[in-house]
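Student: Got model-v3.json for you, JSON, C-alpha atoms:
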```
[["chain", "number", "residue", "atom", "x", "y", "z"],
["A", 1, "MET", "CA", -95.51, 51.72, -7.05],
["A", 2, "SER", "CA", -93.05, 49.96, -9.31],
["A", 3, "GLU", "CA", -90.87, 47.03, -8.27],
["A", 4, "ALA", "CA", -87.74, 49.08, -8.82],
["A", 5, "THR", "CA", -89.01, 51.79, -6.43],
["A", 6, "VAL", "CA", -89.75, 49.22, -3.73],
["A", 7, "GLU", "CA", -86.31, 47.75, -4.14],
["A", 8, "ARG", "CA", -84.65, 51.17, -3.77],
["A", 9, "GLN", "CA", -86.70, 51.95, -0.68],
["A", 10, "GLY", "CA", -85.83, 48.59, 0.82],
["A", 11, "ARG", "CA", -82.17, 49.21, 0.28],
["A", 12, "GLY", "CA", -82.34, 52.58, 2.02],
["A", 13, "LYS", "CA", -84.51, 51.35, 4.89],
["A", 14, "HIS", "CA", -82.37, 48.38, 5.74],
["A", 15, "ALA", "CA", -78.96, 49.80, 4.84],
["A", 16, "ARG", "CA", -77.92, 49.99, 8.50],
["A", 17, "ARG", "CA", -79.39, 46.68, 9.58],
["A", 18, "GLY", "CA", -78.31, 44.29, 6.89],
["A", 19, "ARG", "CA", -77.32, 43.66, 3.29],
["A", 20, "TYR", "CA", -79.84, 43.34, 0.50],
["A", 21, "THR", "CA", -79.24, 40.98, -2.40],
["A", 22, "PRO", "CA", -81.65, 41.42, -5.34],
["A", 23, "GLY", "CA", -83.62, 38.23, -5.76],
["A", 24, "GLY", "CA", -82.18, 36.80, -2.53],
["A", 25, "PRO", "CA", -82.73, 36.93, 1.24],
["A", 26, "TRP", "CA", -81.72, 39.66, 3.63],
["A", 27, "ARG", "CA", -78.41, 39.05, 5.38],
["A", 28, "PHE", "CA", -77.93, 40.92, 8.63],
["A", 29, "GLY", "CA", -74.67, 41.85, 10.23],
["A", 30, "PRO", "CA", -71.37, 43.01, 8.76],
["A", 31, "PRO", "CA", -70.20, 41.32, 5.56],
["A", 32, "ARG", "CA", -67.76, 38.49, 6.05],
["A", 33, "ALA", "CA", -64.26, 39.26, 4.85],
["A", 34, "ALA", "CA", -63.03, 37.05, 2.05],
["A", 35, "SER", "CA", -59.82, 35.11, 2.66],
["A", 36, "LEU", "CA", -57.84, 32.33, 1.07],
["A", 37, "TRP", "CA", -58.96, 29.84, 3.71],
["A", 38, "SER", "CA", -62.68, 30.67, 3.51],
["A", 39, "ASP", "CA", -62.61, 30.58, -0.29],
["A", 40, "ALA", "CA", -60.74, 27.27, -0.19],
["A", 41, "TRP", "CA", -63.28, 25.75, 2.21],
["A", 42, "GLN", "CA", -66.17, 26.83, 0.00],
["A", 43, "ASP", "CA", -64.39, 25.29, -2.98],
["A", 44, "LEU", "CA", -63.60, 22.04, -1.14],
["A", 45, "ARG", "CA", -67.22, 21.54, -0.08],
["A", 46, "ARG", "CA", -68.22, 21.37, -3.74],
["A", 47, "ARG", "CA", -65.58, 18.79, -4.72],
["A", 48, "PRO", "CA", -66.84, 15.18, -4.74],
["A", 49, "MET", "CA", -63.25, 13.94, -4.52],
["A", 50, "PHE", "CA", -62.70, 15.85, -1.28],
["A", 51, "VAL", "CA", -66.01, 14.74, 0.24],
["A", 52, "GLY", "CA", -65.40, 11.09, -0.63],
["A", 53, "ALA", "CA", -61.80, 11.10, 0.60],
["A", 54, "ALA", "CA", -62.77, 12.89, 3.82],
["A", 55, "PHE", "CA", -65.51, 10.33, 4.48],
["A", 56, "VAL", "CA", -63.14, 7.38, 4.00],
["A", 57, "ILE", "CA", -60.51, 9.00, 6.23],
["A", 58, "ALA", "CA", -63.12, 9.73, 8.90],
["A", 59, "VAL", "CA", -64.15, 6.06, 8.93],
["A", 60, "PHE", "CA", -60.55, 4.93, 9.37],
["A", 61, "LEU", "CA", -59.93, 7.52, 12.09],
["A", 62, "VAL", "CA", -62.95, 6.29, 14.03],
["A", 63, "MET", "CA", -61.79, 2.71, 13.45],
["A", 64, "ALA", "CA", -58.34, 3.56, 14.81],
["A", 65, "ALA", "CA", -59.70, 5.38, 17.86],
["A", 66, "PHE", "CA", -62.60, 3.06, 18.71],
["A", 67, "PRO", "CA", -61.94, -0.38, 17.16],
["A", 68, "TRP", "CA", -64.41, -2.08, 19.50],
["A", 69, "LEU", "CA", -67.23, -0.31, 17.67],
["A", 70, "PHE", "CA", -66.43, -2.37, 14.56],
["A", 71, "THR", "CA", -65.75, -5.77, 16.08],
["A", 72, "SER", "CA", -66.39, -7.58, 19.36],
["A", 73, "ILE", "CA", -63.28, -9.77, 18.97],
["A", 74, "ASP", "CA", -60.07, -8.65, 20.66],
["A", 75, "PRO", "CA", -57.19, -9.95, 18.51],
["A", 76, "HIS", "CA", -54.71, -9.29, 21.33],
["A", 77, "ASP", "CA", -56.39, -12.08, 23.30],
["A", 78, "ALA", "CA", -54.75, -15.38, 22.33],
["A", 79, "ALA", "CA", -57.92, -17.25, 23.32],
["A", 80, "THR", "CA", -59.70, -15.84, 20.25],
["A", 81, "CYS", "CA", -57.31, -17.70, 17.90],
["A", 82, "HIS", "CA", -57.85, -21.41, 17.19],
["A", 83, "LEU", "CA", -55.42, -23.43, 15.10],
["A", 84, "SER", "CA", -58.26, -25.71, 14.03],
["A", 85, "ASP", "CA", -59.78, -22.70, 12.19],
["A", 86, "ALA", "CA", -56.57, -21.73, 10.38],
["A", 87, "ARG", "CA", -56.82, -20.45, 6.80],
["A", 88, "GLN", "CA", -60.58, -20.59, 6.57],
["A", 89, "GLY", "CA", -62.30, -18.60, 3.85],
["A", 90, "VAL", "CA", -64.87, -15.84, 4.15],
["A", 91, "SER", "CA", -67.89, -16.88, 6.21],
["A", 92, "ASP", "CA", -70.64, -15.45, 8.40],
["A", 93, "LEU", "CA", -68.45, -16.01, 11.47],
["A", 94, "HIS", "CA", -65.23, -14.68, 9.92],
["A", 95, "TRP", "CA", -65.98, -11.91, 7.43],
["A", 96, "PHE", "CA", -62.40, -11.75, 6.11],
["A", 97, "GLY", "CA", -61.50, -15.37, 6.87],
["A", 98, "THR", "CA", -58.78, -16.49, 9.27],
["A", 99, "ASP", "CA", -54.99, -16.36, 9.12],
["A", 100, "ASN", "CA", -52.32, -19.04, 9.61],
["A", 101, "LEU", "CA", -52.92, -19.12, 13.38],
["A", 102, "GLY", "CA", -56.71, -19.20, 13.16],
["A", 103, "CYS", "CA", -57.13, -15.56, 14.17],
["A", 104, "ASP", "CA", -59.96, -13.51, 12.73],
["A", 105, "VAL", "CA", -58.56, -11.38, 9.88],
["A", 106, "TYR", "CA", -61.35, -8.80, 10.09],
["A", 107, "ALA", "CA", -60.68, -8.09, 13.78],
["A", 108, "ARG", "CA", -56.94, -7.86, 13.19],
["A", 109, "SER", "CA", -57.50, -5.52, 10.24],
["A", 110, "VAL", "CA", -59.67, -3.25, 12.38],
["A", 111, "TYR", "CA", -57.16, -3.11, 15.23],
["A", 112, "GLY", "CA", -54.28, -2.79, 12.78],
["A", 113, "ALA", "CA", -55.64, 0.56, 11.61],
["A", 114, "ARG", "CA", -54.58, 2.19, 14.89],
["A", 115, "ASN", "CA", -50.83, 1.71, 14.54],
["A", 116, "SER", "CA", -50.84, 2.50, 10.83],
["A", 117, "VAL", "CA", -52.83, 5.72, 11.23],
["A", 118, "VAL", "CA", -50.95, 6.82, 14.37],
["A", 119, "ILE", "CA", -47.58, 6.38, 12.68],
["A", 120, "GLY", "CA", -48.72, 8.21, 9.54],
["A", 121, "ALA", "CA", -50.35, 11.12, 11.40],
["A", 122, "THR", "CA", -47.57, 11.54, 13.99],
["A", 123, "THR", "CA", -44.80, 11.42, 11.40],
["A", 124, "ALA", "CA", -46.60, 13.92, 9.15],
["A", 125, "ALA", "CA", -47.16, 16.30, 12.09],
["A", 126, "LEU", "CA", -43.55, 15.98, 13.27],
["A", 127, "THR", "CA", -42.06, 16.59, 9.83],
["A", 128, "ALA", "CA", -44.38, 19.56, 9.26],
["A", 129, "LEU", "CA", -43.41, 21.06, 12.62],
["A", 130, "VAL", "CA", -39.65, 20.56, 12.35],
["A", 131, "GLY", "CA", -39.31, 21.22, 8.64],
["A", 132, "GLY", "CA", -41.78, 24.09, 8.73],
["A", 133, "LEU", "CA", -40.09, 25.94, 11.61],
["A", 134, "LEU", "CA", -36.59, 25.45, 10.21],
["A", 135, "GLY", "CA", -37.75, 26.54, 6.77],
["A", 136, "LEU", "CA", -39.42, 29.61, 8.30],
["A", 137, "PHE", "CA", -36.25, 30.68, 10.12],
["A", 138, "ALA", "CA", -33.97, 29.92, 7.16],
["A", 139, "GLY", "CA", -36.13, 31.72, 4.60],
["A", 140, "PHE", "CA", -36.66, 34.75, 6.83],
["A", 141, "ALA", "CA", -33.10, 35.13, 8.11],
["A", 142, "GLY", "CA", -31.21, 34.24, 4.94],
["A", 143, "GLY", "CA", -27.45, 34.58, 4.96],
["A", 144, "ALA", "CA", -25.29, 32.12, 6.87],
["A", 145, "LEU", "CA", -28.19, 30.39, 8.66],
["A", 146, "ASP", "CA", -29.99, 29.76, 5.39],
["A", 147, "ALA", "CA", -26.83, 28.43, 3.76],
["A", 148, "LEU", "CA", -26.05, 26.13, 6.70],
["A", 149, "LEU", "CA", -29.53, 24.62, 6.90],
["A", 150, "SER", "CA", -29.68, 24.21, 3.13],
["A", 151, "ARG", "CA", -26.43, 22.25, 3.11],
["A", 152, "VAL", "CA", -27.68, 20.04, 5.95],
["A", 153, "THR", "CA", -30.85, 19.22, 4.02],
["A", 154, "GLU", "CA", -28.77, 18.33, 0.97],
["A", 155, "ILE", "CA", -26.90, 15.77, 3.08],
["A", 156, "PHE", "CA", -30.21, 14.17, 4.10],
["A", 157, "PHE", "CA", -31.45, 14.21, 0.50],
["A", 158, "ALA", "CA", -28.33, 12.26, -0.50],
["A", 159, "ILE", "CA", -29.36, 9.37, 1.79],
["A", 160, "PRO", "CA", -31.78, 6.90, 0.14],
["A", 161, "SER", "CA", -34.92, 6.99, 2.27],
["A", 162, "VAL", "CA", -35.54, 3.24, 2.30],
["A", 163, "LEU", "CA", -31.91, 2.41, 3.07],
["A", 164, "GLY", "CA", -31.77, 5.08, 5.78],
["A", 165, "ALA", "CA", -34.92, 3.84, 7.49],
["A", 166, "LEU", "CA", -33.67, 0.24, 7.33],
["A", 167, "LEU", "CA", -30.37, 1.30, 8.90],
["A", 168, "ILE", "CA", -31.98, 3.28, 11.74],
["A", 169, "LEU", "CA", -34.47, 0.55, 12.61],
["A", 170, "SER", "CA", -31.81, -2.13, 12.40],
["A", 171, "VAL", "CA", -29.66, -0.22, 14.91],
["A", 172, "PHE", "CA", -32.45, 0.38, 17.44],
["A", 173, "ARG", "CA", -34.05, -3.07, 17.02],
["A", 174, "THR", "CA", -37.04, -2.15, 19.20],
["A", 175, "GLY", "CA", -39.74, -2.28, 16.56],
["A", 176, "SER", "CA", -41.99, 0.14, 18.46],
["A", 177, "VAL", "CA", -44.36, 2.75, 17.05],
["A", 178, "TRP", "CA", -42.17, 5.66, 18.14],
["A", 179, "THR", "CA", -39.01, 4.12, 16.69],
["A", 180, "VAL", "CA", -40.69, 3.86, 13.29],
["A", 181, "VAL", "CA", -41.94, 7.45, 13.62],
["A", 182, "LEU", "CA", -38.42, 8.64, 14.42],
["A", 183, "ALA", "CA", -36.86, 6.74, 11.52],
["A", 184, "LEU", "CA", -39.36, 8.17, 9.02],
["A", 185, "ALA", "CA", -39.34, 11.73, 10.40],
["A", 186, "VAL", "CA", -35.54, 12.02, 10.42],
["A", 187, "LEU", "CA", -35.46, 11.35, 6.68],
["A", 188, "ALA", "CA", -38.62, 13.21, 5.63],
["A", 189, "TRP", "CA", -38.34, 16.68, 7.22],
["A", 190, "PRO", "CA", -35.98, 18.15, 4.54],
["A", 191, "MET", "CA", -38.76, 18.10, 1.93],
["A", 192, "THR", "CA", -41.03, 20.21, 4.13],
["A", 193, "PHE", "CA", -38.07, 22.47, 4.92],
["A", 194, "ARG", "CA", -37.45, 23.25, 1.26],
["A", 195, "ILE", "CA", -41.10, 23.90, 0.48],
["A", 196, "THR", "CA", -41.53, 26.17, 3.51],
["A", 197, "ARG", "CA", -38.31, 28.04, 2.79],
["A", 198, "ALA", "CA", -39.35, 28.76, -0.79],
["A", 199, "ALA", "CA", -42.79, 29.96, 0.33],
["A", 200, "VAL", "CA", -41.28, 32.24, 3.02],
["A", 201, "ILE", "CA", -38.80, 33.78, 0.57],
["A", 202, "THR", "CA", -41.70, 34.56, -1.76],
["A", 203, "VAL", "CA", -43.92, 36.02, 0.96],
["A", 204, "LYS", "CA", -41.34, 38.15, 2.78],
["A", 205, "GLY", "CA", -40.95, 40.39, -0.26],
["A", 206, "GLN", "CA", -44.64, 41.33, -0.34],
["A", 207, "GLU", "CA", -45.72, 44.90, 0.32],
["A", 208, "TYR", "CA", -47.61, 44.17, 3.55],
["A", 209, "VAL", "CA", -44.47, 42.63, 5.07],
["A", 210, "LEU", "CA", -42.39, 45.65, 4.06],
["A", 211, "ALA", "CA", -45.07, 47.92, 5.52],
["A", 212, "ALA", "CA", -45.05, 46.04, 8.82],
["A", 213, "ARG", "CA", -41.26, 46.33, 8.97],
["A", 214, "ALA", "CA", -41.44, 50.06, 8.21],
["A", 215, "LEU", "CA", -43.95, 50.52, 11.04],
["A", 216, "GLY", "CA", -41.44, 49.03, 13.49],
["A", 217, "ALA", "CA", -42.84, 45.49, 13.91],
["A", 218, "SER", "CA", -40.41, 43.04, 15.49],
["A", 219, "SER", "CA", -38.91, 40.17, 13.56],
["A", 220, "GLY", "CA", -40.89, 37.65, 15.61],
["A", 221, "ARG", "CA", -44.16, 39.43, 14.93],
["A", 222, "ILE", "CA", -43.42, 39.66, 11.21],
["A", 223, "MET", "CA", -42.51, 35.97, 11.02],
["A", 224, "PHE", "CA", -45.43, 34.54, 12.98],
["A", 225, "ARG", "CA", -48.18, 37.10, 12.30],
["A", 226, "HIS", "CA", -47.53, 38.12, 8.70],
["A", 227, "ILE", "CA", -45.33, 35.57, 6.95],
["A", 228, "MET", "CA", -46.22, 32.20, 8.48],
["A", 229, "PRO", "CA", -50.03, 32.35, 7.92],
["A", 230, "ASN", "CA", -49.45, 33.19, 4.25],
["A", 231, "ALA", "CA", -46.82, 30.47, 3.77],
["A", 232, "LEU", "CA", -48.80, 27.62, 5.38],
["A", 233, "ALA", "CA", -50.77, 26.53, 2.33],
["A", 234, "PRO", "CA", -48.02, 24.44, 0.63],
["A", 235, "VAL", "CA", -46.99, 22.96, 3.98],
["A", 236, "ILE", "CA", -50.55, 21.76, 4.66],
["A", 237, "VAL", "CA", -50.79, 20.23, 1.19],
["A", 238, "VAL", "CA", -47.48, 18.35, 1.57],
["A", 239, "ALA", "CA", -48.36, 17.15, 5.08],
["A", 240, "THR", "CA", -51.72, 15.82, 3.89],
["A", 241, "ILE", "CA", -50.19, 13.90, 0.99],
["A", 242, "ASN", "CA", -47.34, 12.66, 3.21],
["A", 243, "LEU", "CA", -49.86, 11.07, 5.58],
["A", 244, "GLY", "CA", -50.63, 8.41, 2.99],
["A", 245, "THR", "CA", -46.95, 8.09, 2.11],
["A", 246, "PHE", "CA", -45.98, 7.42, 5.72],
["A", 247, "VAL", "CA", -48.75, 4.86, 6.19],
["A", 248, "ALA", "CA", -47.43, 3.01, 3.15],
["A", 249, "ALA", "CA", -43.84, 3.38, 4.38],
["A", 250, "GLU", "CA", -44.70, 1.83, 7.74],
["A", 251, "ALA", "CA", -46.34, -1.10, 5.97],
["A", 252, "GLY", "CA", -43.25, -1.59, 3.82],
["A", 253, "LEU", "CA", -40.86, -1.51, 6.76],
["A", 254, "SER", "CA", -43.02, -3.93, 8.74],
["A", 255, "PHE", "CA", -43.26, -6.18, 5.71],
["A", 256, "VAL", "CA", -39.48, -6.58, 5.47],
["A", 257, "GLY", "CA", -39.23, -7.24, 9.20],
["A", 258, "VAL", "CA", -37.63, -4.05, 10.59],
["A", 259, "GLY", "CA", -40.79, -2.08, 11.44],
["A", 260, "LEU", "CA", -43.38, -3.08, 14.01],
["A", 261, "GLN", "CA", -42.97, -6.48, 15.59],
["A", 262, "SER", "CA", -45.46, -8.93, 17.07],
["A", 263, "PRO", "CA", -47.51, -8.81, 19.24],
["A", 264, "ASP", "CA", -48.23, -5.38, 17.70],
["A", 265, "ILE", "CA", -50.72, -5.42, 14.85],
["A", 266, "SER", "CA", -50.44, -3.44, 11.64],
["A", 267, "TRP", "CA", -51.47, -3.97, 8.05],
["A", 268, "GLY", "CA", -47.84, -4.38, 6.98],
["A", 269, "LEU", "CA", -47.27, -7.12, 9.55],
["A", 270, "MET", "CA", -50.44, -8.92, 8.47],
["A", 271, "ILE", "CA", -49.38, -8.83, 4.83],
["A", 272, "SER", "CA", -45.92, -10.11, 5.76],
["A", 273, "ASP", "CA", -47.34, -13.01, 7.78],
["A", 274, "ALA", "CA", -49.83, -13.99, 5.07],
["A", 275, "ARG", "CA", -47.51, -13.93, 2.06],
["A", 276, "ARG", "CA", -46.08, -17.39, 2.72],
["A", 277, "ARG", "CA", -49.48, -19.10, 2.40],
["A", 278, "PHE", "CA", -51.01, -16.74, -0.14],
["A", 279, "LEU", "CA", -51.90, -19.45, -2.66],
["A", 280, "GLU", "CA", -53.63, -21.53, 0.01],
["A", 281, "ALA", "CA", -55.48, -18.67, 1.72],
["A", 282, "PRO", "CA", -55.39, -15.30, -0.10],
["A", 283, "GLU", "CA", -57.86, -13.52, 2.21],
["A", 284, "PRO", "CA", -55.37, -12.75, 5.07],
["A", 285, "LEU", "CA", -53.26, -10.81, 2.58],
["A", 286, "LEU", "CA", -55.86, -9.30, 0.27],
["A", 287, "PHE", "CA", -58.07, -7.59, 2.86],
["A", 288, "PRO", "CA", -55.31, -5.78, 4.82],
["A", 289, "ALA", "CA", -53.77, -4.77, 1.49],
["A", 290, "LEU", "CA", -57.14, -3.43, 0.36],
["A", 291, "LEU", "CA", -57.56, -1.33, 3.54],
["A", 292, "LEU", "CA", -54.00, -0.07, 3.20],
["A", 293, "SER", "CA", -54.57, 0.94, -0.43],
["A", 294, "LEU", "CA", -57.84, 2.70, 0.41],
["A", 295, "THR", "CA", -56.18, 4.68, 3.21],
["A", 296, "VAL", "CA", -53.23, 5.79, 1.07],
["A", 297, "LEU", "CA", -55.49, 6.65, -1.86],
["A", 298, "ALA", "CA", -57.85, 8.67, 0.38],
["A", 299, "PHE", "CA", -55.02, 10.77, 1.81],
["A", 300, "VAL", "CA", -53.51, 11.37, -1.64],
["A", 301, "MET", "CA", -56.91, 12.41, -3.04],
["A", 302, "LEU", "CA", -57.48, 14.68, -0.04],
["A", 303, "GLY", "CA", -54.10, 16.31, -0.55],
["A", 304, "ASP", "CA", -54.77, 16.84, -4.26],
["A", 305, "ALA", "CA", -58.13, 18.45, -3.49],
["A", 306, "VAL", "CA", -56.60, 20.73, -0.84],
["A", 307, "ARG", "CA", -53.82, 21.71, -3.23],
["A", 308, "ASP", "CA", -56.26, 22.64, -5.99],
["A", 309, "ALA", "CA", -58.39, 24.64, -3.55],
["A", 310, "LEU", "CA", -55.49, 26.56, -2.01],
["A", 311, "ASP", "CA", -53.87, 27.44, -5.34],
["A", 312, "PRO", "CA", -55.91, 30.19, -7.03],
["A", 313, "LYS", "CA", -54.18, 29.49, -10.34],
["A", 314, "LEU", "CA", -55.82, 26.04, -10.51],
["A", 315, "ARG", "CA", -59.39, 27.28, -9.99]]
```
Written as structure tokens, that's how I'd like the structure from this file.
Tutor:
Amino acid sequence: MSEATVERQGRGKHARRGRYTPGGPWRFGPPRAASLWSDAWQDLRRRPMFVGAAFVIAVFLVMAAFPWLFTSIDPHDAATCHLSDARQGVSDLHWFGTDNLGCDVYARSVYGARNSVVIGATTAALTALVGGLLGLFAGFAGGALDALLSRVTEIFFAIPSVLGALLILSVFRTGSVWTVVLALAVLAWPMTFRITRAAVITVKGQEYVLAARALGASSGRIMFRHIMPNALAPVIVVATINLGTFVAAEAGLSFVGVGLQSPDISWGLMISDARRRFLEAPEPLLFPALLLSLTVLAFVMLGDAVRDALDPKLR
């Protein structure tokens, strides 16, 4: 019996139980439906840039959530700082040296990841939620609502982001995590709004949306079941890239003195405190700056990889 005959018999025998791939294994069960998200995930898994960025981000997320796994020193305890050890270099006892007050720079860098990551992630989620929902309603409804929201976003775009954040934080003068989140989110949501609105306007003219409307589907069902899932891709890409942007923005605001305030710990505060004695002891500035740069770079690389995977034209 020839190999071709065996192959044909195998196909007929197992047609109901599984799928036969010539030269490959049997796969049982119904075939998995292809989708944009499954194809994107398969593409991302093969990208070294995505894997490397995801690994770096995972390390910083674990560091932010469980800092005691990385260091046994609690920088919030004043007893761990000794003025006699101020501005020491890298050593076995102090991996990143000590700062102007004799505090361990490595421990402060580890604990500083929490505020920086929380502010970046919370601001990105808030802007995606507010801007995404407003963009969904404006793009779907059109007319007066779309015109009104578009004019409002133009007003926010006319405000310089740095100046606006400085003004908001100067008025509140609390220097807390949530105040910084509010200041950044108020100025950043219009970008997500515009991107979501453009995606919704493109999607709502597709045939499957017109078919759902012809079948009597409600506006809410059309928006949230048919339009929103197919307009999410650009929003996810922007939110991922904005994570790094917001981490850097928090560091900049804390550096100029209007962001987080002591006794809170963040990379921006550490850089601000260390700049005055940089020539005498560069380690307290260099190491937090290095961690900040790695975090921003990882989020930007992750966003670029997600963008390339979700855009079929770039494959």
Student: Hey, what's within 12 Å of stretch 243-245 of chain A if we count all atoms listed in the file and toss same-chain stuff fewer than 5 positions away? As a ChimeraX atom specification, please?
Tutor: /A:53,57,116-128,181,184-185,188,236-238,250-252,291-304
Student: Could you write those residues out with C-alpha atoms, as a short mmCIF file (atom, residue, chain, number, x, y, z; two decimals), keeping the file's coordinate frame?
Tutor:
```
data_model
loop_
_atom_site.label_atom_id
_atom_site.label_comp_id
_atom_site.auth_asym_id
_atom_site.auth_seq_id
_atom_site.Cartn_x
_atom_site.Cartn_y
_atom_site.Cartn_z
CA ALA A 53 -61.80 11.10 0.60
CA ILE A 57 -60.51 9.00 6.23
CA SER A 116 -50.84 2.50 10.83
CA VAL A 117 -52.83 5.72 11.23
CA VAL A 118 -50.95 6.82 14.37
CA ILE A 119 -47.58 6.38 12.68
CA GLY A 120 -48.72 8.21 9.54
CA ALA A 121 -50.35 11.12 11.40
CA THR A 122 -47.57 11.54 13.99
CA THR A 123 -44.80 11.42 11.40
CA ALA A 124 -46.60 13.92 9.15
CA ALA A 125 -47.16 16.30 12.09
CA LEU A 126 -43.55 15.98 13.27
CA THR A 127 -42.06 16.59 9.83
CA ALA A 128 -44.38 19.56 9.26
CA VAL A 181 -41.94 7.45 13.62
CA LEU A 184 -39.36 8.17 9.02
CA ALA A 185 -39.34 11.73 10.40
CA ALA A 188 -38.62 13.21 5.63
CA ILE A 236 -50.55 21.76 4.66
CA VAL A 237 -50.79 20.23 1.19
CA VAL A 238 -47.48 18.35 1.57
CA GLU A 250 -44.70 1.83 7.74
CA ALA A 251 -46.34 -1.10 5.97
CA GLY A 252 -43.25 -1.59 3.82
CA LEU A 291 -57.56 -1.33 3.54
CA LEU A 292 -54.00 -0.07 3.20
CA SER A 293 -54.57 0.94 -0.43
CA LEU A 294 -57.84 2.70 0.41
CA THR A 295 -56.18 4.68 3.21
CA VAL A 296 -53.23 5.79 1.07
CA LEU A 297 -55.49 6.65 -1.86
CA ALA A 298 -57.85 8.67 0.38
CA PHE A 299 -55.02 10.77 1.81
CA VAL A 300 -53.51 11.37 -1.64
CA MET A 301 -56.91 12.41 -3.04
CA LEU A 302 -57.48 14.68 -0.04
CA GLY A 303 -54.10 16.31 -0.55
CA ASP A 304 -54.77 16.84 -4.26
#
```
Student: Calculated over all atoms listed in the file, which of the candidates A:Thr196, A:Leu285, A:Arg45, A:Arg275 has the smallest distance to A:Ser109?
Tutor: A:Leu285
Student: Which neighbours of A:Asp77 fall inside 12 Å, counting only C-alpha atoms, when residues of the same chain fewer than 3 positions from it are skipped, and could you give them as a PDB file with C-alpha atoms, in the frame of the given file?
Tutor:
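Result saved to around.pdb:
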```pdb
ATOM      1  CA  SER A  72     -66.390  -7.580  19.360  1.00  0.00           C
ATOM      2  CA  ILE A  73     -63.280  -9.770  18.970  1.00  0.00           C
ATOM      3  CA  ASP A  74     -60.070  -8.650  20.660  1.00  0.00           C
ATOM      4  CA  THR A  80     -59.700 -15.840  20.250  1.00  0.00           C
ATOM      5  CA  CYS A  81     -57.310 -17.700  17.900  1.00  0.00           C
ATOM      6  CA  HIS A  82     -57.850 -21.410  17.190  1.00  0.00           C
ATOM      7  CA  CYS A 103     -57.130 -15.560  14.170  1.00  0.00           C
ATOM      8  CA  ASP A 104     -59.960 -13.510  12.730  1.00  0.00           C
ATOM      9  CA  ALA A 107     -60.680  -8.090  13.780  1.00  0.00           C
ATOM     10  CA  ARG A 108     -56.940  -7.860  13.190  1.00  0.00           C
ATOM     11  CA  PRO A 263     -47.510  -8.810  19.240  1.00  0.00           C
ATOM     12  CA  ASP A 264     -48.230  -5.380  17.700  1.00  0.00           C
TER      13      ASP A 264
END
```
Student: Considering all atoms listed in the file, return as a list in words whatever protein or nucleic-acid residues lie within 12 Å of A:Ala147, sequence-local ones (same chain, fewer than 6 positions apart) excluded.
Tutor: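 Listed by chain and then number, they are Gly135, Phe137, Ala138, Gly139, Ala141, Thr153, Glu154 and Arg197 of chain A.
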Student: Please indicate the distance in Å from atom CA of A:Ala165 to atom CA of A:Val180, rounded to one decimal place.
Tutor: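 Taking atom CA of A:Ala165 and atom CA of A:Val180, their separation equals 8.2 Å.
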Student: As an exercise, work out the distance from atom CA of A:Ala183 to atom CA of A:Phe246 in Å and give it to one decimal place.
Tutor: 10.8 Å
Student: Rank A:Ser150, A:Val256, A:Val177, A:Ser218 by their smallest atom-to-atom distance to A:Leu163, using all atoms listed in the file, and report the top residue only.
Tutor: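 Of all the options, A:Val256 lies closest to A:Leu163.
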Student: Return as JSON lines the residues of stretch 66-137 of chain A lying at most 9 Å from stretch 266-273 of chain A, together with the closest atom-to-atom pair for each and the distance in Å to one decimal, counting all atoms listed in the file, with rows in chain order and ascending residue number.
Tutor:
```
{"residue": "A:Asp99", "atom": "CA", "partner": "A:Asp273", "partner_atom": "CA", "distance": 8.5}
{"residue": "A:Asn100", "atom": "CA", "partner": "A:Asp273", "partner_atom": "CA", "distance": 8.0}
{"residue": "A:Val105", "atom": "CA", "partner": "A:Met270", "partner_atom": "CA", "distance": 8.6}
{"residue": "A:Arg108", "atom": "CA", "partner": "A:Ser266", "partner_atom": "CA", "distance": 8.0}
{"residue": "A:Ser109", "atom": "CA", "partner": "A:Trp267", "partner_atom": "CA", "distance": 6.6}
{"residue": "A:Tyr111", "atom": "CA", "partner": "A:Ser266", "partner_atom": "CA", "distance": 7.6}
{"residue": "A:Gly112", "atom": "CA", "partner": "A:Ser266", "partner_atom": "CA", "distance": 4.1}
{"residue": "A:Ala113", "atom": "CA", "partner": "A:Ser266", "partner_atom": "CA", "distance": 6.6}
{"residue": "A:Arg114", "atom": "CA", "partner": "A:Ser266", "partner_atom": "CA", "distance": 7.7}
{"residue": "A:Asn115", "atom": "CA", "partner": "A:Ser266", "partner_atom": "CA", "distance": 5.9}
{"residue": "A:Ser116", "atom": "CA", "partner": "A:Ser266", "partner_atom": "CA", "distance": 6.0}
```
Student: Measuring atom to atom with all atoms listed in the file, identify which of A:Thr98, A:Phe278, A:Val90, A:Val110 is nearest to A:Thr71.
Tutor: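 Going through A:Thr98, A:Phe278, A:Val90, A:Val110 one by one, the smallest distance to A:Thr71 is for A:Val110.
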Student: Kindly compute an axis-aligned box around the listed atoms of stretch 299-308 of chain A, allowing 6 Å on each side, and express its centre and edge lengths in Å to one decimal as lines of an AutoDock Vina configuration file.
Tutor:
```
center_x = -55.8
center_y = 16.7
center_z = -2.1
size_x = 16.6
size_y = 23.9
size_z = 19.8
```
Student: Could you please determine the separation between atom CA of A:Leu232 and atom CA of A:Met63 in Å, to one decimal place?
Tutor: 29.2 Å
Student: So which one's closest to A:Val171, A:Val258, A:Arg307, A:Leu61, A:Phe287? Using only C-alpha atoms, please.
Tutor: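 Of the candidates, the smallest distance to A:Val171 is held by A:Val258.
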Student: Go through A:Leu169, A:Phe156, A:Arg221, A:Gly164 one by one, measure the shortest atom-to-atom distance of each to A:Phe193 using all atoms listed in the file, and give the residue with the smallest value.
Tutor: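 Checking each of A:Leu169, A:Phe156, A:Arg221, A:Gly164 against A:Phe193, counting all atoms listed in the file, the winner is A:Phe156.
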Student: Neighbours of stretch 206-209 of chain A within 12 Å (only C-alpha atoms; same-chain residues fewer than 6 positions away dropped), as a VMD selection string?
Tutor: chain A and resid 140 199 to 200 215 to 219 221 to 228 230 to 231
